[in-house]
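Peer 1: See final.cif below, with mmCIF, C-alpha atoms.
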data_input
#
loop_
_atom_site.label_atom_id
_atom_site.label_comp_id
_atom_site.auth_asym_id
_atom_site.auth_seq_id
_atom_site.Cartn_x
_atom_site.Cartn_y
_atom_site.Cartn_z
CA MET A 1 -25.79 120.55 15.06
CA ARG A 2 -25.62 124.36 15.28
CA ILE A 3 -27.83 125.64 12.47
CA ALA A 4 -28.70 129.17 11.37
CA GLN A 5 -31.95 129.78 9.49
CA ILE A 6 -31.92 133.13 7.69
CA ALA A 7 -35.37 134.40 6.72
CA PRO A 8 -36.69 137.35 4.74
CA LEU A 9 -37.65 140.38 6.82
CA THR A 10 -40.81 141.03 4.81
CA GLU A 11 -43.06 138.98 7.11
CA ALA A 12 -42.73 137.75 10.66
CA ILE A 13 -41.89 134.09 11.25
CA PRO A 14 -44.55 132.72 11.18
CA PRO A 15 -46.56 135.37 9.33
CA LYS A 16 -49.69 136.80 10.88
CA LEU A 17 -51.77 135.97 7.78
CA TYR A 18 -50.55 135.30 4.22
CA GLY A 19 -46.93 134.28 3.64
CA GLY A 20 -46.03 130.83 2.32
CA THR A 21 -42.24 131.08 2.50
CA GLU A 22 -42.30 132.41 6.05
CA ARG A 23 -44.61 129.59 7.16
CA VAL A 24 -42.29 126.97 5.73
CA ILE A 25 -39.29 128.54 7.48
CA SER A 26 -41.18 128.51 10.78
CA TRP A 27 -42.22 124.87 10.42
CA LEU A 28 -38.70 123.82 9.46
CA THR A 29 -37.14 125.73 12.36
CA GLU A 30 -39.52 124.23 14.92
CA GLU A 31 -38.97 120.70 13.62
CA LEU A 32 -35.19 121.09 13.76
CA VAL A 33 -35.45 122.29 17.37
CA GLY A 34 -37.76 119.36 18.12
CA LEU A 35 -35.16 116.99 16.69
CA GLY A 36 -32.62 118.31 19.22
CA HIS A 37 -30.59 120.76 17.14
CA ASP A 38 -29.29 124.16 18.29
CA VAL A 39 -31.07 126.53 15.91
CA THR A 40 -30.78 130.31 15.55
CA LEU A 41 -33.38 132.15 13.49
CA PHE A 42 -32.38 135.44 11.85
CA ALA A 43 -35.67 137.25 11.24
CA SER A 44 -37.77 140.25 12.23
CA GLY A 45 -38.15 140.99 15.93
CA ASP A 46 -41.88 140.26 15.99
CA SER A 47 -41.24 136.62 15.02
CA ARG A 48 -42.15 133.77 17.39
CA THR A 49 -39.91 130.74 17.66
CA SER A 50 -38.57 128.14 20.06
CA ALA A 51 -35.15 128.67 18.48
CA LYS A 52 -32.85 131.52 19.47
CA LEU A 53 -34.09 134.67 17.71
CA GLU A 54 -31.62 137.12 16.22
CA ALA A 55 -33.76 140.15 15.37
CA ALA A 56 -32.32 141.90 12.34
CA TRP A 57 -35.13 144.50 12.43
CA PRO A 58 -37.77 145.12 15.11
CA LYS A 59 -40.83 144.64 12.92
CA ALA A 60 -41.81 142.78 9.74
CA LEU A 61 -41.34 145.14 6.81
CA ARG A 62 -44.82 144.53 5.45
CA LEU A 63 -46.20 146.09 8.63
CA ASP A 64 -43.56 148.79 8.99
CA GLY A 65 -44.55 151.72 6.82
CA SER A 66 -41.43 153.70 7.74
CA VAL A 67 -39.10 151.43 5.71
CA ARG A 68 -38.63 152.51 2.10
CA ASP A 69 -35.53 150.48 1.20
CA PRO A 70 -35.88 146.85 2.36
CA ASN A 71 -32.69 145.84 0.49
CA ALA A 72 -30.62 147.94 2.90
CA LEU A 73 -31.96 146.01 5.89
CA HIS A 74 -31.41 142.65 4.24
CA MET A 75 -27.80 143.59 3.44
CA MET A 76 -27.35 144.57 7.07
CA MET A 77 -28.71 141.18 8.18
CA LEU A 78 -26.36 139.34 5.82
CA GLU A 79 -23.39 141.10 7.38
CA GLN A 80 -24.74 140.23 10.82
CA VAL A 81 -24.82 136.56 9.81
CA ARG A 82 -21.34 136.72 8.29
CA ARG A 83 -19.85 138.06 11.51
CA GLN A 84 -21.32 135.11 13.43
CA ALA A 85 -20.82 132.45 10.75
CA ALA A 86 -18.00 130.70 12.61
CA ASP A 87 -20.41 130.02 15.50
CA PHE A 88 -22.47 127.67 13.31
CA ASP A 89 -21.97 124.30 11.68
CA PHE A 90 -24.33 125.21 8.87
CA LEU A 91 -26.10 128.24 7.39
CA HIS A 92 -29.45 127.88 5.62
CA PHE A 93 -30.60 130.91 3.63
CA HIS A 94 -34.08 131.68 2.32
CA LEU A 95 -33.10 134.95 0.58
CA ASP A 96 -32.86 133.95 -3.07
CA TYR A 97 -29.46 134.94 -4.55
CA TYR A 98 -28.58 137.71 -2.07
CA PRO A 99 -26.08 135.60 -0.03
CA PHE A 100 -24.22 134.12 -3.00
CA SER A 101 -21.32 136.55 -3.43
CA LEU A 102 -20.56 137.13 0.24
CA PHE A 103 -20.93 133.61 1.58
CA CYS A 104 -19.09 131.71 -1.14
CA ARG A 105 -16.01 133.54 0.21
CA GLN A 106 -16.18 132.16 3.75
CA PRO A 107 -15.63 128.63 5.10
CA THR A 108 -18.89 127.77 6.90
CA PRO A 109 -20.99 125.42 4.70
CA PHE A 110 -24.26 126.92 3.50
CA VAL A 111 -27.18 126.36 1.17
CA THR A 112 -29.97 128.50 -0.23
CA THR A 113 -33.50 127.27 -0.77
CA LEU A 114 -34.99 129.04 -3.76
CA HIS A 115 -38.66 129.72 -3.07
CA GLY A 116 -39.65 131.81 -6.08
CA ARG A 117 -39.98 131.67 -9.84
CA LEU A 118 -36.80 131.21 -11.86
CA ASP A 119 -38.06 131.63 -15.40
CA LEU A 120 -36.98 135.26 -15.85
CA PRO A 121 -34.26 135.86 -18.50
CA GLU A 122 -31.85 137.53 -16.06
CA HIS A 123 -31.72 134.40 -13.90
CA GLN A 124 -29.67 132.36 -16.38
CA PRO A 125 -26.56 134.59 -16.40
CA LEU A 126 -26.84 135.04 -12.63
CA PHE A 127 -26.78 131.33 -11.87
CA ALA A 128 -24.12 130.72 -14.51
CA THR A 129 -21.94 133.23 -12.65
CA PHE A 130 -22.55 131.47 -9.32
CA SER A 131 -22.60 127.93 -10.71
CA SER A 132 -20.69 126.51 -7.71
CA VAL A 133 -23.07 127.84 -5.06
CA PRO A 134 -25.29 125.02 -3.70
CA VAL A 135 -29.03 125.53 -3.98
CA VAL A 136 -32.14 123.52 -3.11
CA SER A 137 -35.26 123.47 -5.26
CA ILE A 138 -38.76 123.11 -3.82
CA SER A 139 -39.85 121.11 -6.88
CA ASP A 140 -38.17 119.50 -9.86
CA ALA A 141 -40.24 121.75 -12.12
CA GLN A 142 -38.65 124.84 -10.55
CA ARG A 143 -35.23 123.77 -11.86
CA GLN A 144 -36.09 123.67 -15.55
CA PRO A 145 -35.24 127.29 -16.52
CA ILE A 146 -31.76 127.19 -14.94
CA PRO A 147 -30.13 123.77 -15.35
CA CYS A 148 -26.72 125.42 -14.86
CA ALA A 149 -27.33 125.98 -11.15
CA LYS A 150 -25.67 123.68 -8.61
CA TRP A 151 -28.79 121.81 -7.53
CA VAL A 152 -28.07 119.57 -4.54
CA ARG A 153 -31.60 118.30 -3.88
CA THR A 154 -35.31 118.92 -4.30
CA VAL A 155 -37.06 119.22 -0.93
CA HIS A 156 -40.83 119.46 -1.13
CA HIS A 157 -42.47 121.61 1.51
CA GLY A 158 -44.08 120.02 4.54
CA LEU A 159 -46.33 121.26 7.32
CA PRO A 160 -46.80 120.06 10.92
CA ALA A 161 -48.80 116.85 10.95
CA ARG A 162 -51.39 118.13 13.43
CA LEU A 163 -51.62 121.71 12.18
CA LEU A 164 -54.52 120.95 9.83
CA THR A 165 -56.68 117.85 10.22
CA PRO A 166 -59.94 116.67 8.65
CA GLN A 167 -63.01 118.13 10.38
CA PRO A 168 -66.39 116.38 10.76
CA VAL A 169 -68.30 118.56 8.30
CA LYS A 170 -70.19 117.69 5.12
CA PRO A 171 -68.40 119.00 2.02
CA ALA A 172 -70.71 121.32 0.12
CA TYR A 173 -68.74 123.78 -2.06
CA LEU A 174 -65.62 124.33 -4.11
CA ALA A 175 -62.77 126.28 -2.51
CA CYS A 176 -60.10 128.73 -3.61
CA ILE A 177 -57.52 130.04 -1.18
CA GLY A 178 -54.42 132.21 -1.33
CA ARG A 179 -53.93 135.45 -3.24
CA ILE A 180 -55.96 137.16 -5.95
CA SER A 181 -53.67 138.05 -8.85
CA PRO A 182 -53.53 137.48 -12.61
CA GLU A 183 -51.28 134.41 -12.30
CA LYS A 184 -53.70 132.75 -9.85
CA ALA A 185 -56.57 133.13 -12.37
CA MET A 186 -59.40 132.77 -9.88
CA ASP A 187 -61.81 134.02 -12.51
CA ARG A 188 -61.36 130.62 -14.17
CA ALA A 189 -62.19 128.86 -10.91
CA ILE A 190 -65.40 130.88 -10.71
CA ALA A 191 -66.22 129.86 -14.29
CA ILE A 192 -65.61 126.17 -13.50
CA ALA A 193 -67.91 126.31 -10.49
CA GLY A 194 -70.60 127.97 -12.58
CA ARG A 195 -70.28 125.32 -15.29
CA CYS A 196 -70.71 122.58 -12.67
CA GLY A 197 -73.58 124.32 -10.89
CA LEU A 198 -71.65 124.34 -7.59
CA PRO A 199 -71.10 127.15 -5.08
CA ILE A 200 -67.55 128.43 -4.64
CA LYS A 201 -65.96 130.14 -1.64
CA ILE A 202 -62.87 132.29 -2.10
CA ALA A 203 -60.57 132.93 0.87
CA ALA A 204 -57.85 135.19 -0.49
CA LYS A 205 -55.94 138.41 0.04
CA VAL A 206 -55.43 141.23 -2.44
CA ASP A 207 -52.01 142.89 -2.54
CA LYS A 208 -51.74 146.56 -3.41
CA VAL A 209 -50.01 145.72 -6.68
CA ASP A 210 -53.04 143.64 -7.71
CA GLN A 211 -55.74 146.05 -6.54
CA ASP A 212 -56.57 147.33 -10.03
CA TYR A 213 -56.79 143.79 -11.37
CA PHE A 214 -59.11 142.84 -8.52
CA GLU A 215 -61.40 145.81 -9.06
CA GLN A 216 -61.62 145.42 -12.83
CA GLN A 217 -61.55 141.65 -13.34
CA ILE A 218 -62.61 139.89 -10.15
CA ARG A 219 -64.94 142.13 -8.14
CA PRO A 220 -67.72 142.05 -10.78
CA LEU A 221 -67.67 138.23 -10.60
CA LEU A 222 -68.21 138.26 -6.84
CA ALA A 223 -71.78 139.43 -7.44
CA LEU A 224 -72.65 136.11 -9.11
CA PRO A 225 -75.07 134.06 -6.99
CA HIS A 226 -72.79 131.02 -6.66
CA VAL A 227 -69.76 133.02 -5.44
CA GLU A 228 -68.90 133.92 -1.84
CA TYR A 229 -65.82 136.03 -1.12
CA ILE A 230 -64.50 135.55 2.42
CA GLY A 231 -61.19 137.41 2.27
CA GLU A 232 -57.91 136.44 3.89
CA ILE A 233 -58.07 133.76 6.59
CA SER A 234 -55.58 132.58 9.24
CA ASP A 235 -54.21 129.09 9.85
CA HIS A 236 -56.72 128.22 12.58
CA GLU A 237 -59.59 128.88 10.15
CA LYS A 238 -58.22 126.75 7.33
CA ALA A 239 -59.14 123.29 8.64
CA ASP A 240 -62.87 124.06 8.69
CA PHE A 241 -62.73 125.94 5.39
CA LEU A 242 -60.88 123.20 3.50
CA SER A 243 -62.66 120.27 5.17
CA GLY A 244 -65.98 121.74 4.08
CA ALA A 245 -64.92 121.81 0.43
CA LEU A 246 -65.75 119.17 -2.15
CA ALA A 247 -62.42 120.06 -3.75
CA LEU A 248 -59.80 122.77 -3.84
CA LEU A 249 -59.53 124.43 -7.24
CA VAL A 250 -56.03 125.55 -8.27
CA THR A 251 -56.41 127.35 -11.58
CA ILE A 252 -52.92 128.85 -11.76
CA ASP A 253 -51.71 130.39 -15.01
CA TRP A 254 -47.98 130.35 -14.30
CA PRO A 255 -45.26 127.78 -13.45
CA GLU A 256 -45.75 127.93 -9.68
CA PRO A 257 -42.67 126.42 -7.96
CA PHE A 258 -44.73 124.56 -5.33
CA GLY A 259 -48.20 125.59 -4.15
CA LEU A 260 -48.47 125.25 -0.38
CA VAL A 261 -52.25 125.47 -0.43
CA MET A 262 -52.41 122.08 -2.17
CA ILE A 263 -50.77 120.20 0.70
CA GLU A 264 -52.89 122.17 3.18
CA ALA A 265 -55.94 120.74 1.41
CA LEU A 266 -54.45 117.23 1.42
CA ALA A 267 -53.87 117.53 5.18
CA CYS A 268 -57.62 118.05 5.56
CA GLY A 269 -58.40 115.09 3.31
CA THR A 270 -59.67 117.43 0.60
CA PRO A 271 -58.97 116.48 -3.03
CA VAL A 272 -57.29 118.95 -5.37
CA VAL A 273 -58.23 119.72 -8.95
CA ALA A 274 -55.40 121.74 -10.47
CA PHE A 275 -54.18 122.97 -13.82
CA ASN A 276 -51.07 121.26 -15.16
CA ARG A 277 -48.60 124.03 -14.38
CA GLY A 278 -45.31 124.11 -12.47
CA ALA A 279 -45.08 121.65 -9.58
CA VAL A 280 -48.71 120.49 -9.71
CA PRO A 281 -47.96 117.00 -11.15
CA GLU A 282 -45.37 116.42 -8.39
CA ILE A 283 -47.90 117.14 -5.65
CA VAL A 284 -51.26 115.87 -6.91
CA GLU A 285 -51.40 112.10 -7.46
CA GLU A 286 -53.80 111.52 -10.32
CA GLY A 287 -56.93 109.68 -9.22
CA VAL A 288 -55.63 109.36 -5.64
CA THR A 289 -55.37 112.82 -4.11
CA GLY A 290 -57.04 114.69 -6.97
CA PHE A 291 -56.80 115.38 -10.67
CA VAL A 292 -54.36 117.26 -12.89
CA VAL A 293 -56.22 118.93 -15.78
CA GLU A 294 -55.37 121.10 -18.76
CA ASP A 295 -58.29 123.51 -18.86
CA GLU A 296 -61.74 124.45 -17.54
CA SER A 297 -63.44 121.66 -19.44
CA GLY A 298 -61.07 119.09 -17.97
CA ALA A 299 -61.68 120.46 -14.48
CA ALA A 300 -65.46 120.24 -14.89
CA THR A 301 -65.13 116.62 -16.03
CA ALA A 302 -62.83 115.74 -13.10
CA LEU A 303 -65.25 117.23 -10.59
CA LYS A 304 -67.93 114.76 -11.67
CA GLY A 305 -65.92 111.96 -10.06
CA ILE A 306 -64.45 113.88 -7.14
CA GLU A 307 -66.59 112.22 -4.47
CA GLN A 308 -65.22 108.82 -5.49
CA LEU A 309 -61.83 109.71 -3.96
CA SER A 310 -61.17 108.53 -0.42
CA ARG A 311 -60.62 111.49 1.90
CA GLN A 312 -59.02 109.13 4.42
CA LYS A 313 -56.49 107.96 1.82
CA ILE A 314 -55.77 111.57 0.86
CA ARG A 315 -54.88 112.31 4.49
CA GLU A 316 -52.67 109.20 4.59
CA ARG A 317 -50.80 110.33 1.49
CA PHE A 318 -50.23 113.72 3.11
CA GLU A 319 -48.77 112.06 6.22
CA ARG A 320 -46.40 110.02 4.08
CA ARG A 321 -45.21 112.79 1.75
CA PHE A 322 -45.77 116.28 3.08
CA THR A 323 -45.13 116.61 6.81
CA ALA A 324 -42.70 119.09 8.33
CA ARG A 325 -40.82 116.21 9.98
CA ARG A 326 -40.09 114.66 6.59
CA MET A 327 -39.02 118.08 5.28
CA ALA A 328 -36.66 118.63 8.22
CA GLN A 329 -35.09 115.20 7.80
CA ASP A 330 -34.51 115.87 4.10
CA TYR A 331 -32.79 119.16 4.92
CA LEU A 332 -30.61 117.52 7.57
CA THR A 333 -29.39 115.14 4.86
CA VAL A 334 -28.52 118.17 2.71
CA TYR A 335 -26.67 119.82 5.60
CA ARG A 336 -24.63 116.72 6.39
CA ASP A 337 -23.75 116.05 2.75
CA LEU A 338 -22.51 119.62 2.24
CA MET A 339 -20.61 119.61 5.54
CA GLU A 340 -18.92 116.35 4.57
CA ALA A 341 -18.06 117.72 1.14
CA ALA A 342 -16.38 120.71 2.79
CA GLU A 343 -14.19 118.52 5.02
CA PRO A 344 -12.18 116.06 2.85
CA LEU A 345 -9.10 118.27 2.37
CA PRO A 346 -8.58 119.03 6.10
CA ARG A 347 -9.12 115.34 6.89
CA LEU A 348 -6.59 114.30 4.21
CA VAL A 349 -4.00 116.77 5.51
CA ALA A 350 -4.48 115.48 9.07
CA ARG A 351 -4.13 111.88 7.87
CA LEU A 352 -0.91 112.65 5.96
CA ARG A 353 0.54 114.41 8.98
CA ALA A 354 -0.27 111.40 11.16
CA VAL A 355 1.47 109.07 8.69
CA ARG A 356 4.48 111.40 8.53
CA ASP A 357 4.77 111.53 12.31
CA SER A 358 4.40 107.75 12.69
CA LEU A 359 7.28 107.22 10.25
CA GLY A 360 9.47 109.82 11.90
CA LEU A 361 9.85 111.75 8.68
CA ALA A 362 10.99 115.34 8.62
CA ARG A 363 8.34 118.01 8.17
CA PRO A 364 8.10 118.62 4.40
CA MET A 365 8.27 122.00 2.83
CA GLY A 366 5.02 123.67 1.75
CA ALA A 367 3.72 122.72 -1.66
CA ALA A 368 4.65 126.05 -3.19
CA GLN A 369 8.15 125.93 -1.71
CA SER A 370 8.67 122.36 -2.80
CA ALA A 371 7.62 123.06 -6.36
CA LEU A 372 9.85 126.11 -6.74
CA GLY A 373 12.77 125.22 -4.48
CA ARG A 374 12.12 128.33 -2.34
CA VAL A 375 13.17 129.29 1.17
CA SER A 376 12.38 132.30 3.27
CA GLY A 377 14.45 135.34 2.46
CA ASN A 378 14.87 138.16 0.00
CA SER A 379 13.90 138.06 -3.66
CA SER A 380 17.26 136.70 -4.78
CA GLN A 381 16.91 133.77 -2.39
CA THR A 382 13.41 132.91 -3.49
CA LYS A 383 14.02 132.64 -7.21
CA PRO A 384 13.59 129.12 -8.65
CA LYS A 385 16.91 127.30 -8.91
CA PRO A 386 18.05 126.22 -12.38
CA ALA A 387 17.41 122.58 -13.16
CA ALA A 388 21.16 121.82 -13.50
CA ALA A 389 21.89 123.22 -10.05
CA ARG A 390 19.06 121.18 -8.52
CA ASP A 391 20.26 118.00 -10.17
CA ALA A 392 23.85 118.53 -8.87
CA ARG A 393 22.77 118.69 -5.23
CA PRO A 394 23.44 115.59 -3.09
CA ARG A 395 20.25 113.81 -2.14
CA LYS A 396 19.57 112.19 1.18
CA ALA A 397 17.56 109.02 0.88
CA VAL A 398 14.94 108.17 3.51
CA ALA A 399 14.32 104.49 4.03
CA LEU A 400 10.63 103.76 4.70
CA PRO A 401 9.70 100.76 6.83
CA LYS A 402 8.39 97.84 4.86
#
Show me the file's structure as structure tokens.

Peer 2:
Amino acid sequence: MRIAQIAPLTEAIPPKLYGGTERVISWLTEELVGLGHDVTLFASGDSRTSAKLEAAWPKALRLDGSVRDPNALHMMMLEQVRRQAADFDFLHFHLDYYPFSLFCRQPTPFVTTLHGRLDLPEHQPLFATFSSVPVVSISDAQRQPIPCAKWVRTVHHGLPARLLTPQPVKPAYLACIGRISPEKAMDRAIAIAGRCGLPIKIAAKVDKVDQDYFEQQIRPLLALPHVEYIGEISDHEKADFLSGALALLVTIDWPEPFGLVMIEALACGTPVVAFNRGAVPEIVEEGVTGFVVEDESGAATALKGIEQLSRQKIRERFERRFTARRMAQDYLTVYRDLMEAAEPLPRLVARLRAVRDSLGLARPMGAAQSALGRVSGNSSQTKPKPAAARDARPRKAVALPK
């Protein structure tokens, strides 16, 4: 199958450091190539892939300080994809709603995976307007604000089976990983660790937009004796970091659509204690791979029994549910279903033509001509004939073989 993956230009594929969506796109692309498909990745020029790379811009926009209007470059990339669309069997977008208007007007089947939050009020009229455009959710919870969208499937994220594996270290602390921002509420994770008398290590980035929040709300807490702030870490550091944790704390305060860090922890055999928000109940299996809790008190109670969970079983559940191979196979099912749905009319026309030819029947007029009694010519010739005149015409019967 000839497949195009169209990624945001914000980060390289895969990203150098933080970037969940871009990681997922990279893992999916590599798995599709590994399964024997002809894949083209539309992304920034500093991306690395075994697929064919179509560089829409030389450098990831996060690292390119000269770019002040990223929307202009994404529109340029969409046009680049449109001009090549006929070269592909399927187009897979990861650009939210940007492709909707342009690509619903061309014949190549496509789908968009929605990676972000959908609970903003402007999303409902948008998806009502484009209610026939197929979209994939990354969790069932993500769908709830916009039931009017044309959901074709939920595909949970997956990561390469050998990317992160359990390491032979003794778990000794609680872990937080990701991004420091109000919706991640890492101050609550620090409070939980303090309540339990356990050390906590925080491996997280701080975006510019969250710098004030970090300085005012989080930095003072980093001086507490049980807190260690590590900063942003790369993929090759995650296995040791997560394997050394008694549990990963996910104290989110928003309906997160997925939460990639949770399956990264599961890959390392590390249990997850997470607040009941967004996709958490779809990822964490209660009493098997961790605990879903409602508040800080519930988290502290869950941590008392955390060492009773089997880290080997947690890894096994990851291998069954959250590998990149499983994700790629799910997406291939989506591609084939949408390609098949786009084909019935051409197949029906071809079948009718074959039947017509086998019976030796004359080529029928087009549907519009047949309905209106039209022939080629000037306007007087193409006016519908009165019913009486049509009824008076002699009719030639065609005998069909029995």

Peer 1: Choose the residue, out of A:Ser234, A:Thr251, A:Ser131, A:Gln106, that has the smallest atom-to-atom separation from Ser181 (chain A); count only C-alpha atoms.

Peer 2: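 Using only C-alpha atoms, the shortest distance to Ser181 (chain A) belongs to A:Thr251.
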
Peer 1: Which residue gives the smallest distance to His115 (chain A) among A:Tyr213, A:Tyr335, A:Phe318, A:Phe258, with all atoms listed in the file counted?

Peer 2: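 Counting all atoms listed in the file, the residue closest to His115 (chain A) is A:Phe258.
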
Peer 1: To test your reading of the syntax: which residues would the PyMOL selection byres ((chain A and resi 39) around 6) return for the file shown? Reply as a ChimeraX atom specification.

Peer 2: /A:2-4,37-38,40,51

Peer 1: Could you pull out every residue with an atom within 8 Å of (-35.8, 127.9, -17.0), file coordinates, counting all atoms listed in the file, and send them as a PyMOL selection string?

Peer 2: chain A and resi 118-120+124+142-147

Peer 1: A:Ala128, A:Ala245, A:Leu9, A:Ala203: which is nearest Pro70 (chain A), counting all atoms listed in the file?

Peer 2: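 Distance minimum relative to Pro70 (chain A) lands on A:Leu9.
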
Peer 1: Would you kindly translate the PyMOL selection byres ((chain A and resi 26) around 9) into the concrete residues it picks from this file, as number ranges by chain?

Peer 2: A: 13-15, 21-25, 27-31, 48-49

Peer 1: For CA of Asp187 (chain A) and CA of Pro255 (chain A), determine how far apart the two atoms are, in Å to one decimal place.

Peer 2: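 Separating CA of Asp187 (chain A) from CA of Pro255 (chain A) is a distance of 17.7 Å.
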
Peer 1: From the block you just saw, export region 131-179 of chain A: C-alpha atoms, as a PDB file, in the first residue's frame.

Peer 2:
ATOM      1  CA  SER A 131     -19.517  15.823   9.850  1.00  0.00           C
ATOM      2  CA  SER A 132     -18.669  13.573   6.878  1.00  0.00           C
ATOM      3  CA  VAL A 133     -14.888  13.808   7.278  1.00  0.00           C
ATOM      4  CA  PRO A 134     -13.498  10.585   8.830  1.00  0.00           C
ATOM      5  CA  VAL A 135     -11.513  10.978  12.032  1.00  0.00           C
ATOM      6  CA  VAL A 136      -9.751   8.649  14.470  1.00  0.00           C
ATOM      7  CA  SER A 137      -9.742   9.174  18.221  1.00  0.00           C
ATOM      8  CA  ILE A 138      -6.816   8.185  20.443  1.00  0.00           C
ATOM      9  CA  SER A 139      -9.222   7.291  23.260  1.00  0.00           C
ATOM     10  CA  ASP A 140     -12.958   6.865  23.668  1.00  0.00           C
ATOM     11  CA  ALA A 141     -12.893   9.650  26.257  1.00  0.00           C
ATOM     12  CA  GLN A 142     -11.584  12.094  23.650  1.00  0.00           C
ATOM     13  CA  ARG A 143     -14.804  11.702  21.634  1.00  0.00           C
ATOM     14  CA  GLN A 144     -17.234  12.819  24.315  1.00  0.00           C
ATOM     15  CA  PRO A 145     -17.341  16.585  23.588  1.00  0.00           C
ATOM     16  CA  ILE A 146     -18.042  16.125  19.854  1.00  0.00           C
ATOM     17  CA  PRO A 147     -20.305  13.128  19.215  1.00  0.00           C
ATOM     18  CA  CYS A 148     -21.280  14.681  15.859  1.00  0.00           C
ATOM     19  CA  ALA A 149     -17.877  13.916  14.325  1.00  0.00           C
ATOM     20  CA  LYS A 150     -17.516  10.976  11.938  1.00  0.00           C
ATOM     21  CA  TRP A 151     -15.556   8.697  14.248  1.00  0.00           C
ATOM     22  CA  VAL A 152     -14.309   5.617  12.403  1.00  0.00           C
ATOM     23  CA  ARG A 153     -12.257   4.031  15.192  1.00  0.00           C
ATOM     24  CA  THR A 154     -10.365   4.578  18.427  1.00  0.00           C
ATOM     25  CA  VAL A 155      -6.698   3.630  18.066  1.00  0.00           C
ATOM     26  CA  HIS A 156      -4.719   3.739  21.284  1.00  0.00           C
ATOM     27  CA  HIS A 157      -1.104   4.789  20.945  1.00  0.00           C
ATOM     28  CA  GLY A 158       1.641   2.190  20.926  1.00  0.00           C
ATOM     29  CA  LEU A 159       5.418   2.307  21.158  1.00  0.00           C
ATOM     30  CA  PRO A 160       8.108  -0.071  19.832  1.00  0.00           C
ATOM     31  CA  ALA A 161       8.234  -3.194  21.960  1.00  0.00           C
ATOM     32  CA  ARG A 162      11.971  -2.956  22.624  1.00  0.00           C
ATOM     33  CA  LEU A 163      12.231   0.822  22.951  1.00  0.00           C
ATOM     34  CA  LEU A 164      11.753   0.761  26.730  1.00  0.00           C
ATOM     35  CA  THR A 165      12.274  -2.383  28.786  1.00  0.00           C
ATOM     36  CA  PRO A 166      12.470  -3.115  32.521  1.00  0.00           C
ATOM     37  CA  GLN A 167      15.943  -2.483  33.954  1.00  0.00           C
ATOM     38  CA  PRO A 168      17.548  -4.414  36.838  1.00  0.00           C
ATOM     39  CA  VAL A 169      17.346  -1.622  39.409  1.00  0.00           C
ATOM     40  CA  LYS A 170      15.636  -1.459  42.801  1.00  0.00           C
ATOM     41  CA  PRO A 171      12.648   0.908  42.749  1.00  0.00           C
ATOM     42  CA  ALA A 172      13.151   3.625  45.339  1.00  0.00           C
ATOM     43  CA  TYR A 173      11.135   6.771  44.481  1.00  0.00           C
ATOM     44  CA  LEU A 174       8.005   8.135  42.872  1.00  0.00           C
ATOM     45  CA  ALA A 175       8.299   9.559  39.357  1.00  0.00           C
ATOM     46  CA  CYS A 176       6.737  12.366  37.342  1.00  0.00           C
ATOM     47  CA  ILE A 177       7.631  12.897  33.711  1.00  0.00           C
ATOM     48  CA  GLY A 178       6.487  15.132  30.875  1.00  0.00           C
ATOM     49  CA  ARG A 179       5.730  18.850  30.997  1.00  0.00           C
TER      50      ARG A 179
END
